[in-house]
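S.K.: Just run10.txt, nothing more (compact mmCIF, C-alpha atoms):
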```txt
# COMPACT_ATOMS: atom_id res chain seq x y z
CA MET M 1 -31.14 47.79 -30.79
CA SER M 2 -34.74 48.69 -29.97
CA ASP M 3 -36.38 51.84 -31.29
CA PRO M 4 -36.30 54.92 -29.03
CA ILE M 5 -39.35 55.84 -26.98
CA TYR M 6 -41.29 58.24 -29.18
CA LEU M 7 -42.27 61.50 -27.44
CA ASP M 8 -42.38 63.80 -30.47
CA HIS M 9 -45.99 63.48 -31.63
CA ASN M 10 -46.37 67.21 -32.31
CA SER M 11 -43.70 66.79 -34.96
CA THR M 12 -45.49 63.90 -36.63
CA THR M 13 -47.52 60.86 -35.62
CA PRO M 14 -47.05 57.24 -36.61
CA THR M 15 -49.67 56.22 -39.17
CA ALA M 16 -52.38 54.24 -37.38
CA PRO M 17 -52.85 50.60 -38.50
CA GLU M 18 -56.51 51.27 -39.32
CA VAL M 19 -55.45 54.18 -41.51
CA ILE M 20 -52.84 52.11 -43.32
CA GLU M 21 -55.43 49.42 -44.06
CA ALA M 22 -57.85 51.98 -45.51
CA MET M 23 -55.11 53.53 -47.63
CA VAL M 24 -53.92 50.18 -49.00
CA GLU M 25 -57.50 49.24 -49.87
CA ALA M 26 -57.83 52.52 -51.78
CA LEU M 27 -54.55 51.91 -53.61
CA ARG M 28 -55.86 48.52 -54.72
CA ASN M 29 -59.43 49.38 -55.63
CA CYS M 30 -59.83 53.17 -55.99
CA TRP M 31 -57.09 53.95 -58.52
CA GLY M 32 -59.43 55.59 -61.03
CA ASN M 33 -59.57 59.31 -61.69
CA PRO M 34 -62.41 60.75 -59.58
CA SER M 35 -63.34 63.03 -62.48
CA SER M 36 -63.83 60.16 -64.94
CA GLY M 37 -67.37 59.33 -66.02
CA HIS M 38 -67.14 55.56 -65.71
CA ALA M 39 -67.16 52.90 -63.00
CA TYR M 40 -63.53 53.35 -62.01
CA GLY M 41 -63.99 57.10 -61.65
CA PHE M 42 -67.26 56.69 -59.75
CA ARG M 43 -65.57 54.34 -57.28
CA ALA M 44 -62.75 56.81 -56.66
CA ARG M 45 -65.18 59.73 -56.38
CA LYS M 46 -67.25 57.86 -53.78
CA ALA M 47 -64.10 57.19 -51.73
CA VAL M 48 -63.20 60.89 -51.82
CA GLU M 49 -66.70 61.99 -50.83
CA ASP M 50 -66.92 59.42 -48.03
CA SER M 51 -63.69 60.85 -46.64
CA ARG M 52 -64.98 64.39 -47.01
CA ARG M 53 -67.97 63.34 -44.93
CA SER M 54 -65.66 61.98 -42.21
CA VAL M 55 -63.56 65.16 -42.06
CA ALA M 56 -66.67 67.35 -41.98
CA ALA M 57 -68.24 65.28 -39.20
CA LEU M 58 -65.14 65.56 -37.00
CA ILE M 59 -65.11 69.38 -37.06
CA GLY M 60 -68.83 70.11 -37.41
CA ALA M 61 -68.69 71.36 -41.00
CA ASP M 62 -70.85 70.76 -44.06
CA LEU M 63 -69.53 68.58 -46.88
CA ASP M 64 -69.10 71.41 -49.38
CA GLU M 65 -66.98 73.36 -46.88
CA ILE M 66 -64.09 70.85 -46.91
CA VAL M 67 -61.26 71.34 -49.41
CA PHE M 68 -58.60 68.63 -49.57
CA THR M 69 -54.98 69.84 -49.74
CA SER M 70 -51.47 68.41 -49.54
CA GLY M 71 -51.18 69.26 -45.84
CA GLY M 72 -51.10 72.00 -43.23
CA THR M 73 -48.65 74.23 -45.06
CA GLU M 74 -50.74 74.34 -48.21
CA SER M 75 -53.91 74.93 -46.20
CA ASP M 76 -52.30 77.84 -44.34
CA ASN M 77 -50.81 79.36 -47.49
CA THR M 78 -54.11 78.96 -49.30
CA ALA M 79 -56.00 80.66 -46.49
CA ILE M 80 -53.68 83.66 -46.20
CA LEU M 81 -53.04 84.29 -49.89
CA GLY M 82 -56.50 83.23 -51.08
CA ILE M 83 -58.34 85.62 -48.79
CA ALA M 84 -55.87 88.46 -49.38
CA GLU M 85 -56.28 88.16 -53.14
CA ALA M 86 -60.05 87.83 -53.01
CA LEU M 87 -60.43 90.92 -50.81
CA ALA M 88 -57.61 93.08 -52.19
CA GLY M 89 -60.19 95.62 -53.33
CA LYS M 90 -61.42 96.07 -49.76
CA GLY M 91 -58.05 96.53 -48.08
CA LYS M 92 -54.52 95.31 -47.60
CA HIS M 93 -54.14 94.81 -43.87
CA VAL M 94 -53.77 91.45 -42.10
CA VAL M 95 -53.58 90.67 -38.37
CA VAL M 96 -51.77 87.58 -37.03
CA SER M 97 -50.18 86.57 -33.75
CA SER M 98 -46.45 86.72 -33.08
CA ILE M 99 -46.26 82.95 -32.47
CA GLU M 100 -47.67 81.63 -35.75
CA HIS M 101 -46.13 78.71 -37.61
CA ALA M 102 -43.86 79.55 -40.54
CA ALA M 103 -46.65 78.39 -42.86
CA ILE M 104 -48.53 81.55 -41.77
CA GLU M 105 -45.60 83.88 -41.16
CA ARG M 106 -43.90 83.33 -44.53
CA PRO M 107 -47.03 84.07 -46.63
CA CYS M 108 -47.51 87.19 -44.50
CA ARG M 109 -43.99 88.31 -45.35
CA LEU M 110 -44.79 87.72 -49.01
CA LEU M 111 -47.86 89.93 -48.66
CA GLU M 112 -45.70 92.63 -47.06
CA SER M 113 -43.42 92.53 -50.10
CA ARG M 114 -46.52 93.20 -52.19
CA GLY M 115 -47.53 96.29 -50.25
CA TYR M 116 -49.74 94.78 -47.54
CA ALA M 117 -49.48 95.80 -43.90
CA VAL M 118 -49.27 92.98 -41.35
CA THR M 119 -49.86 93.57 -37.64
CA ARG M 120 -48.41 90.92 -35.33
CA VAL M 121 -50.15 90.81 -31.96
CA GLY M 122 -47.96 89.61 -29.09
CA VAL M 123 -48.58 87.07 -26.35
CA ASP M 124 -48.22 87.25 -22.57
CA SER M 125 -45.77 85.28 -20.45
CA ARG M 126 -48.10 82.27 -20.53
CA GLY M 127 -48.17 82.22 -24.34
CA LEU M 128 -51.73 83.54 -24.62
CA VAL M 129 -52.99 85.97 -27.24
CA ASP M 130 -55.29 88.69 -25.83
CA ALA M 131 -58.51 88.83 -27.85
CA GLY M 132 -58.87 92.49 -26.89
CA GLU M 133 -55.50 93.29 -28.45
CA VAL M 134 -56.53 91.57 -31.65
CA ALA M 135 -59.76 93.59 -31.72
CA ALA M 136 -57.79 96.80 -31.10
CA ALA M 137 -55.53 96.00 -34.07
CA LEU M 138 -58.43 95.83 -36.54
CA ARG M 139 -58.74 98.67 -39.04
CA ASP M 140 -61.14 99.68 -41.78
CA ASP M 141 -58.83 98.06 -44.34
CA THR M 142 -58.31 94.78 -42.41
CA VAL M 143 -59.28 91.80 -44.55
CA LEU M 144 -58.05 88.84 -42.51
CA VAL M 145 -57.14 87.72 -38.99
CA SER M 146 -55.26 84.45 -38.43
CA VAL M 147 -54.48 83.10 -34.95
CA MET M 148 -53.51 79.47 -34.35
CA HIS M 149 -55.86 77.28 -32.31
CA SER M 150 -53.03 75.79 -30.25
CA ASN M 151 -49.34 76.50 -30.39
CA ASN M 152 -47.16 73.75 -31.80
CA GLU M 153 -44.47 74.29 -29.14
CA THR M 154 -46.26 75.17 -25.90
CA GLY M 155 -49.56 73.50 -26.76
CA VAL M 156 -51.38 76.53 -25.32
CA LEU M 157 -54.98 76.82 -26.50
CA GLN M 158 -55.90 80.30 -27.71
CA PRO M 159 -59.25 82.10 -27.13
CA ILE M 160 -60.35 81.44 -30.70
CA ALA M 161 -64.11 81.87 -30.23
CA GLU M 162 -63.57 85.27 -28.60
CA ILE M 163 -61.17 86.42 -31.32
CA ALA M 164 -63.48 85.13 -34.06
CA ALA M 165 -66.39 87.05 -32.56
CA ALA M 166 -64.36 90.28 -32.60
CA ALA M 167 -63.39 89.71 -36.22
CA ARG M 168 -66.98 88.94 -37.19
CA GLU M 169 -68.21 92.10 -35.48
CA HIS M 170 -65.85 94.11 -37.69
CA GLY M 171 -66.73 92.15 -40.83
CA VAL M 172 -63.25 90.59 -41.05
CA VAL M 173 -62.57 87.04 -42.24
CA PHE M 174 -60.99 84.81 -39.56
CA HIS M 175 -58.70 81.80 -40.02
CA THR M 176 -57.21 79.46 -37.45
CA ASP M 177 -54.47 76.88 -37.86
CA ALA M 178 -55.76 73.89 -35.89
CA ALA M 179 -53.19 71.38 -37.16
CA GLN M 180 -52.04 70.56 -33.62
CA SER M 181 -55.52 70.52 -32.10
CA VAL M 182 -57.72 68.38 -34.33
CA GLY M 183 -57.68 64.83 -33.03
CA LYS M 184 -56.52 65.84 -29.55
CA VAL M 185 -59.33 68.11 -28.34
CA PRO M 186 -62.87 68.75 -29.62
CA VAL M 187 -62.82 71.25 -32.50
CA ASP M 188 -66.15 72.51 -33.85
CA VAL M 189 -66.09 75.21 -36.50
CA ARG M 190 -69.61 76.44 -35.67
CA SER M 191 -68.88 76.85 -31.97
CA LEU M 192 -65.59 78.57 -32.73
CA GLY M 193 -67.17 80.88 -35.29
CA VAL M 194 -64.24 80.62 -37.71
CA ASP M 195 -64.37 81.17 -41.46
CA LEU M 196 -61.37 78.99 -42.31
CA LEU M 197 -59.57 76.24 -40.41
CA THR M 198 -56.47 74.21 -41.21
CA LEU M 199 -55.95 70.56 -40.36
CA ALA M 200 -52.99 68.31 -41.23
CA GLY M 201 -53.16 64.55 -41.64
CA HIS M 202 -49.74 63.64 -40.28
CA LYS M 203 -50.49 65.32 -36.94
CA MET M 204 -53.43 62.95 -36.39
CA TYR M 205 -52.20 59.47 -37.42
CA ALA M 206 -52.63 59.84 -41.18
CA PRO M 207 -49.62 59.91 -43.52
CA LYS M 208 -47.74 63.01 -44.58
CA GLY M 209 -48.89 64.77 -47.74
CA VAL M 210 -52.59 65.24 -47.04
CA GLY M 211 -54.64 67.81 -45.15
CA ALA M 212 -57.76 69.88 -45.47
CA LEU M 213 -58.97 73.44 -45.32
CA TYR M 214 -62.37 74.22 -43.88
CA LEU M 215 -63.81 77.09 -45.93
CA ARG M 216 -67.09 78.44 -44.62
CA ARG M 217 -69.71 78.58 -47.33
CA GLY M 218 -69.86 82.08 -48.85
CA THR M 219 -66.41 83.19 -47.68
CA PRO M 220 -64.62 85.23 -50.39
CA PHE M 221 -61.75 83.14 -51.71
CA ALA M 222 -59.30 83.01 -54.62
CA PRO M 223 -57.84 79.54 -55.30
CA PHE M 224 -54.14 79.13 -54.67
CA LEU M 225 -53.68 76.38 -57.29
CA ARG M 226 -55.28 77.02 -60.65
CA GLY M 227 -56.11 74.44 -63.29
CA SER M 228 -59.12 72.23 -63.86
CA GLY M 229 -62.14 72.52 -61.61
CA HIS M 230 -61.26 70.01 -58.90
CA GLU M 231 -62.61 70.48 -55.36
CA SER M 232 -65.44 72.60 -56.76
CA GLY M 233 -62.92 74.94 -58.36
CA ARG M 234 -61.13 75.69 -55.10
CA ARG M 235 -58.02 73.49 -55.43
CA ALA M 236 -56.87 72.31 -58.84
CA GLY M 237 -55.16 68.95 -59.29
CA THR M 238 -56.41 65.38 -59.55
CA GLU M 239 -57.32 64.24 -56.07
CA ASN M 240 -54.81 62.09 -54.18
CA VAL M 241 -57.40 59.41 -53.48
CA PRO M 242 -55.40 56.99 -51.25
CA GLU M 243 -54.19 59.77 -48.97
CA ILE M 244 -57.59 61.42 -48.84
CA VAL M 245 -59.03 58.05 -47.83
CA ALA M 246 -56.33 57.80 -45.16
CA LEU M 247 -57.27 61.23 -43.80
CA GLY M 248 -60.93 60.22 -43.67
CA ALA M 249 -60.03 57.07 -41.76
CA ALA M 250 -57.92 59.08 -39.30
CA CYS M 251 -60.83 61.47 -38.73
CA GLU M 252 -63.20 58.56 -38.10
CA LEU M 253 -60.70 57.12 -35.64
CA ALA M 254 -60.44 60.44 -33.83
CA ARG M 255 -64.21 60.89 -33.69
CA ASN M 256 -64.68 57.41 -32.21
CA GLU M 257 -61.98 57.64 -29.53
CA LEU M 258 -61.48 61.34 -28.81
CA PRO M 259 -62.60 61.46 -25.14
CA GLN M 260 -60.55 58.39 -24.24
CA ARG M 261 -57.63 59.56 -26.36
CA ALA M 262 -57.54 63.00 -24.75
CA ALA M 263 -57.67 61.48 -21.26
CA HIS M 264 -54.85 59.07 -22.08
CA LEU M 265 -52.66 61.77 -23.62
CA ALA M 266 -53.10 63.98 -20.56
CA ALA M 267 -52.46 61.14 -18.11
CA MET M 268 -49.20 60.25 -19.85
CA ARG M 269 -48.16 63.91 -20.12
CA ASP M 270 -48.88 64.56 -16.45
CA ARG M 271 -47.01 61.40 -15.39
CA LEU M 272 -44.02 62.60 -17.41
CA GLU M 273 -44.15 66.07 -15.88
CA ALA M 274 -44.41 64.75 -12.33
CA GLY M 275 -41.51 62.36 -12.84
CA LEU M 276 -39.26 65.00 -14.37
CA ARG M 277 -40.05 67.52 -11.62
CA ALA M 278 -38.84 64.94 -9.11
CA ARG M 279 -35.58 64.40 -11.04
CA ILE M 280 -34.75 67.72 -12.72
CA PRO M 281 -33.89 70.62 -10.34
CA GLY M 282 -35.86 73.77 -11.17
CA LEU M 283 -37.85 72.27 -14.06
CA MET M 284 -40.02 75.03 -15.57
CA VAL M 285 -43.06 74.30 -17.74
CA HIS M 286 -43.86 76.96 -20.34
CA GLY M 287 -47.59 77.60 -20.65
CA GLY M 288 -48.34 75.17 -17.85
CA SER M 289 -50.75 77.48 -16.01
CA VAL M 290 -53.28 77.81 -18.86
CA PRO M 291 -55.26 75.28 -20.91
CA ARG M 292 -53.11 73.26 -23.31
CA ILE M 293 -53.68 70.43 -25.70
CA PRO M 294 -53.44 67.33 -23.50
CA ASN M 295 -50.28 65.77 -24.88
CA THR M 296 -47.76 68.61 -24.72
CA LEU M 297 -45.04 69.26 -22.14
CA TYR M 298 -42.71 72.13 -23.04
CA ALA M 299 -40.21 72.36 -20.22
CA ALA M 300 -36.90 74.06 -19.46
CA PHE M 301 -34.12 71.97 -17.93
CA PRO M 302 -32.07 74.75 -16.26
CA GLY M 303 -28.35 74.46 -16.84
CA CYS M 304 -28.76 72.03 -19.76
CA ASP M 305 -28.37 72.95 -23.41
CA ALA M 306 -31.45 71.32 -24.96
CA ASN M 307 -29.72 70.23 -28.15
CA SER M 308 -27.01 68.52 -26.08
CA VAL M 309 -29.68 66.62 -24.14
CA VAL M 310 -31.30 65.50 -27.40
CA GLU M 311 -27.93 64.26 -28.67
CA ARG M 312 -27.21 62.28 -25.48
CA VAL M 313 -30.63 60.74 -24.89
CA SER M 314 -30.54 58.20 -27.71
CA GLY M 315 -33.28 56.13 -26.08
CA VAL M 316 -35.94 58.88 -26.30
CA ALA M 317 -37.09 60.88 -29.33
CA VAL M 318 -37.88 64.47 -28.29
CA SER M 319 -37.43 67.95 -29.80
CA ALA M 320 -35.33 70.86 -28.57
CA GLY M 321 -36.92 74.27 -28.18
CA ALA M 322 -33.98 75.82 -29.97
CA ALA M 323 -32.43 75.55 -33.40
CA CYS M 324 -28.75 74.81 -33.91
CA HIS M 325 -27.28 76.41 -37.02
CA SER M 326 -23.55 76.23 -37.80
CA GLY M 327 -22.75 75.49 -34.18
CA LYS M 328 -24.77 78.44 -32.86
CA THR M 329 -27.83 77.75 -30.76
CA GLU M 330 -30.78 80.06 -31.39
CA PRO M 331 -33.72 80.14 -28.96
CA SER M 332 -37.31 79.51 -30.02
CA GLN M 333 -39.07 82.60 -31.34
CA VAL M 334 -42.20 81.48 -29.49
CA LEU M 335 -40.36 81.55 -26.15
CA LEU M 336 -38.79 84.91 -26.94
CA ALA M 337 -42.27 86.27 -27.76
CA MET M 338 -43.36 85.06 -24.30
CA GLY M 339 -40.53 87.05 -22.71
CA VAL M 340 -38.50 83.99 -21.70
CA ASP M 341 -34.83 84.73 -21.08
CA PRO M 342 -32.82 83.41 -24.06
CA ALA M 343 -30.49 81.55 -21.68
CA LEU M 344 -33.48 79.63 -20.30
CA ALA M 345 -35.13 79.22 -23.71
CA VAL M 346 -32.20 77.20 -25.07
CA THR M 347 -32.61 74.69 -22.22
CA THR M 348 -36.17 73.82 -23.29
CA LEU M 349 -37.37 70.44 -24.56
CA ARG M 350 -40.72 69.66 -26.18
CA MET M 351 -42.08 66.27 -25.15
CA THR M 352 -45.39 65.15 -26.65
CA THR M 353 -47.29 61.96 -25.93
CA GLY M 354 -49.42 59.88 -28.30
CA ARG M 355 -52.25 57.37 -28.36
CA SER M 356 -49.79 54.44 -28.11
CA THR M 357 -47.60 55.92 -25.34
CA THR M 358 -47.56 53.67 -22.26
CA ALA M 359 -46.84 54.27 -18.59
CA GLU M 360 -43.78 52.03 -19.02
CA ASP M 361 -42.59 54.28 -21.83
CA ILE M 362 -43.00 57.34 -19.63
CA ASP M 363 -41.20 55.87 -16.64
CA ALA M 364 -38.27 54.75 -18.79
CA ALA M 365 -38.14 58.13 -20.54
CA ILE M 366 -38.01 59.97 -17.22
CA GLY M 367 -34.93 58.02 -16.19
CA LEU M 368 -33.19 58.44 -19.54
CA LEU M 369 -33.91 62.16 -19.75
CA ALA M 370 -32.76 62.75 -16.19
CA GLU M 371 -29.53 60.86 -16.81
CA ALA M 372 -28.86 62.79 -20.02
CA ALA M 373 -29.55 66.11 -18.31
CA SER M 374 -27.20 65.25 -15.46
CA ALA M 375 -24.49 64.29 -17.94
CA VAL M 376 -24.90 67.54 -19.86
CA ARG M 377 -24.74 69.60 -16.66
CA SER M 378 -21.56 67.77 -15.59
CA ALA M 379 -19.83 67.98 -18.97
CA PRO M 380 -17.02 70.53 -19.32
CA ALA M 381 -17.97 73.67 -21.21
CA ARG M 382 -17.08 73.62 -24.90
```
Please re-express this file's structure in C-alpha cells.

M.R.:
Amino acid sequence: MSDPIYLDHNSTTPTAPEVIEAMVEALRNCWGNPSSGHAYGFRARKAVEDSRRSVAALIGADLDEIVFTSGGTESDNTAILGIAEALAGKGKHVVVSSIEHAAIERPCRLLESRGYAVTRVGVDSRGLVDAGEVAAALRDDTVLVSVMHSNNETGVLQPIAEIAAAAREHGVVFHTDAAQSVGKVPVDVRSLGVDLLTLAGHKMYAPKGVGALYLRRGTPFAPFLRGSGHESGRRAGTENVPEIVALGAACELARNELPQRAAHLAAMRDRLEAGLRARIPGLMVHGGSVPRIPNTLYAAFPGCDANSVVERVSGVAVSAGAACHSGKTEPSQVLLAMGVDPALAVTTLRMTTGRSTTAEDIDAAIGLLAEAASAVRSAPAR
C-alpha cells in the first residue's frame, strides 16, 4: 500500500535529503564537544558557527543574535519567561493575541499564576490582529508584547512591523513566533523591527528537536536554562551539533530557493482550493481574503464532521480544525476567536502543501477528499 498524499506540512515537514546528508556528515565528523580546546572541539565549534551564520543570513540577523534551542516551544517559552524575569522590576503586564500557539499561551498562564497580568487582544473575522488594539492595550507596566507572525491554522500573516513599531514607541519588548513563516515567506528581523523571533527546524525541512531564537543585541533577557556558559550564557547545555548543522542546512536551502518555493506552494494550494470549490458545496476558506503564508488552505466542508473526514480519507494526510476528546468534538479556539459558528468550525480541515507536492498529488487529493466528504454527509447520524 502506497503512502498517503501528504498535505500536513504545517504540522511537520519531511526532512530534506540535503539536510539529512549534512546531519549525517556532522554525526560522523563533528562529534566533539564544541567547548573543548582541541581539534575535535574546534571542528564541532566551526560546524555550529557555520550554521549560526546560515540562520542569521536567512532572517537578516547578526551572528551573536542567534541562540540555538531544542525547537519552537523552547524558543517561545524562553522569550516569554526570559523577558518577564529580566524586566520584573519594571512591570508585570504582558500583551499577546487570542490566537497564539500553546507554547505562548501556557507560559502566559504560568505568569498569571505568579501575579502577572496578561491582556489577550482579539482578532477580526478574517483572523487579523488590529495593531491599534495592541497599542491601546499597552500600559506603563507592560514589559512584553508577543504576536505570532502567521497563524498555524489559518496561515494569516499578521501586521508585525506595525505592531512592533507601536511596542517600540512605548519602550516595550516585542516577540513574534515565526515558526510557520520562516522558509515559506521572506522574514527579515530588521524590517519587522522585532526584538525576539522564534523559528522551528521541523517546520522548514530540518528534523524535530532543533530551533532558534533571534535575540536582538542589547535586549534584556534572563536565560531559561541555567548551567555552563553555552550560547554566550543564554542557553545552557552542550550544543546538539548534528541537529544544529541540519538547521543550518535547512536555512541555506530556504535562502537559495525561497522565491521558487513560495510560488510553488501557492500554486499547489490554489489548485487544491479551486478543485475543492468545484466538488464541495459551500466550501468556506477561513482567512482567505487576507494575506496568508502560501501553502495553507483552512477550509470548512459544511455538513461534514472534520474528524470523520480525516478518518475516512486514508489516502490523504490532513488535519482537522477540531480536537476530539473522549468522543466529544471541540472546535478550534482560533476559529472561535474569529467568531466562526462552532457548528461550522468542527467541519474545518487544514490542508498545507510542501516543496515536494505535485499537481498529480493535488488532483488525486481533491478526488479523495470529495469522496470522503460525500460519504460523511451520507452516513447516518451517530

S.K.: Between M:Ser374, M:Ser97, M:Ser113, M:Ser228, single out the one closest to Arg312 (chain M), counting all atoms listed in the file.

M.R.: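 Checking each of M:Ser374, M:Ser97, M:Ser113, M:Ser228 against Arg312 (chain M), counting all atoms listed in the file, the winner is M:Ser374.
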
S.K.: Between M:Asn29, M:Asn152, M:Asn10, M:Thr69, which has the minimum distance to Pro242 (chain M) (counting all atoms listed in the file)?

M.R.: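 Using all atoms listed in the file, Pro242 (chain M) sits closest to M:Asn29.
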
S.K.: Go through M:Ala274, M:Ala164, M:Val173, M:Ala200 one by one, measure the shortest atom-to-atom distance of each to Ile83 (chain M) using only C-alpha atoms, and give the residue with the smallest value.

M.R.: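 For Ile83 (chain M), the nearest of the candidates is M:Val173.
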
S.K.: What lies within 8 Å of Ala306 (chain M) using all atoms listed in the file, ignoring chain neighbours under 4 positions off, as an NGL selection string?

M.R.: :M and (301 or 310 or 320-322 or 346-349)

S.K.: From the options M:Leu335, M:Val185, M:Ala379, M:Ala246, which residue's atoms come nearest to Gly209 (chain M), counting all atoms listed in the file?

M.R.: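 Nearest to Gly209 (chain M): M:Ala246.
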
S.K.: In the coordinates of the file, take the point (-48.5, 66.2, -24.6) and a cut-off of 10 Å; then, counting only C-alpha atoms, name each qualifying protein, DNA or RNA residue as a list in words.

M.R.: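 Those within range, by chain then number, are Leu7, Asp8, His9, Asn10, Thr154, Gly155, Lys184, Ala262, His264, Leu265, Ala266, Ala267, Met268, Arg269, Asp270, Leu272, Glu273, Arg292, Ile293, Pro294, Asn295, Thr296, Leu297, Tyr298, Arg350, Met351, Thr352, Thr353 and Gly354 of chain M.
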
S.K.: Hey, which of M:Ala254, M:Val67, M:Val290, M:Leu199 ends up closest to Arg235 (chain M)? Count all atoms listed in the file.

M.R.: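 That would be M:Val67, the residue with the smallest distance to Arg235 (chain M).
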
S.K.: Just how far from CA of Ala372 (chain M) is CA of Asp3 (chain M), in Å to one decimal?

M.R.: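 Separation of CA of Asp3 (chain M) and CA of Ala372 (chain M): 17.4 Å.
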
S.K.: I'd like the neighbourhood of Ile80 (chain M) as a compact mmCIF listing (two decimals) with C-alpha atoms, in the coordinates of the input, where a residue qualifies if any of its atoms comes within 8 Å (using all atoms listed in the file), though same-chain residues fewer than 3 positions away should be ignored.

M.R.:
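Output (selection_27.txt):
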```
# COMPACT_ATOMS: atom_id res chain seq x y z
CA ASP M 76 -52.30 77.84 -44.34
CA ASN M 77 -50.81 79.36 -47.49
CA ILE M 83 -58.34 85.62 -48.79
CA ALA M 84 -55.87 88.46 -49.38
CA ILE M 104 -48.53 81.55 -41.77
CA PRO M 107 -47.03 84.07 -46.63
CA CYS M 108 -47.51 87.19 -44.50
CA LEU M 144 -58.05 88.84 -42.51
CA SER M 146 -55.26 84.45 -38.43
```

S.K.: If you measure from CA of Glu65 (chain M) to CA of Val189 (chain M), what distance in Å do you get, rounded to one decimal?

M.R.: 10.6 Å

S.K.: Considering only C-alpha atoms, state which residue in the set M:Thr142, M:Gln333, M:Thr357, M:Ser54 is at the smallest distance from Ala167 (chain M).

M.R.: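 Among M:Thr142, M:Gln333, M:Thr357, M:Ser54, it is M:Thr142 that comes nearest to Ala167 (chain M).
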
S.K.: Do a neighbour search on Ala337 (chain M) at 9 Å with all atoms listed in the file, toss out local chain neighbours closer than 3 positions, and write the hits as a list in words.

M.R.: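 Counting only the stated atoms, we get Ser98, Ile99, Gly122, Val123, Asp124, Ser125, Gly127, Ser332, Gln333, Val334 and Val340 of chain M.
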
S.K.: So that all listed atoms of region 183-200 of chain M fit with 6 Å spare on each side, what axis-aligned box centre and edge lengths in Å, to one decimal, would you give as lines of an AutoDock Vina configuration file?

M.R.:
```
center_x = -61.3
center_y = 73.0
center_z = -35.3
size_x = 28.6
size_y = 28.3
size_z = 26.0
```

S.K.: What's the separation between CA of Pro291 (chain M) and CA of Arg355 (chain M), in Å to one decimal place?

M.R.: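 If I compute the distance from CA of Pro291 (chain M) to CA of Arg355 (chain M), I get 19.6 Å.
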
S.K.: Leaving out Gly72 (chain M) and any residue of its chain fewer than 2 positions from it, which residues lie within 9 Å of it when counting only C-alpha atoms, given as a ChimeraX atom specification?

M.R.: /M:69-70,74-77,103,177-179,198-202,209-213

S.K.: The residues within 12 Å of (-36.9, 59.2, -17.3), using only C-alpha atoms and the coordinates of the file, should be reported as number ranges by chain; which are they?

M.R.: M: 5, 7, 271-280, 313, 315-316, 351, 359-374
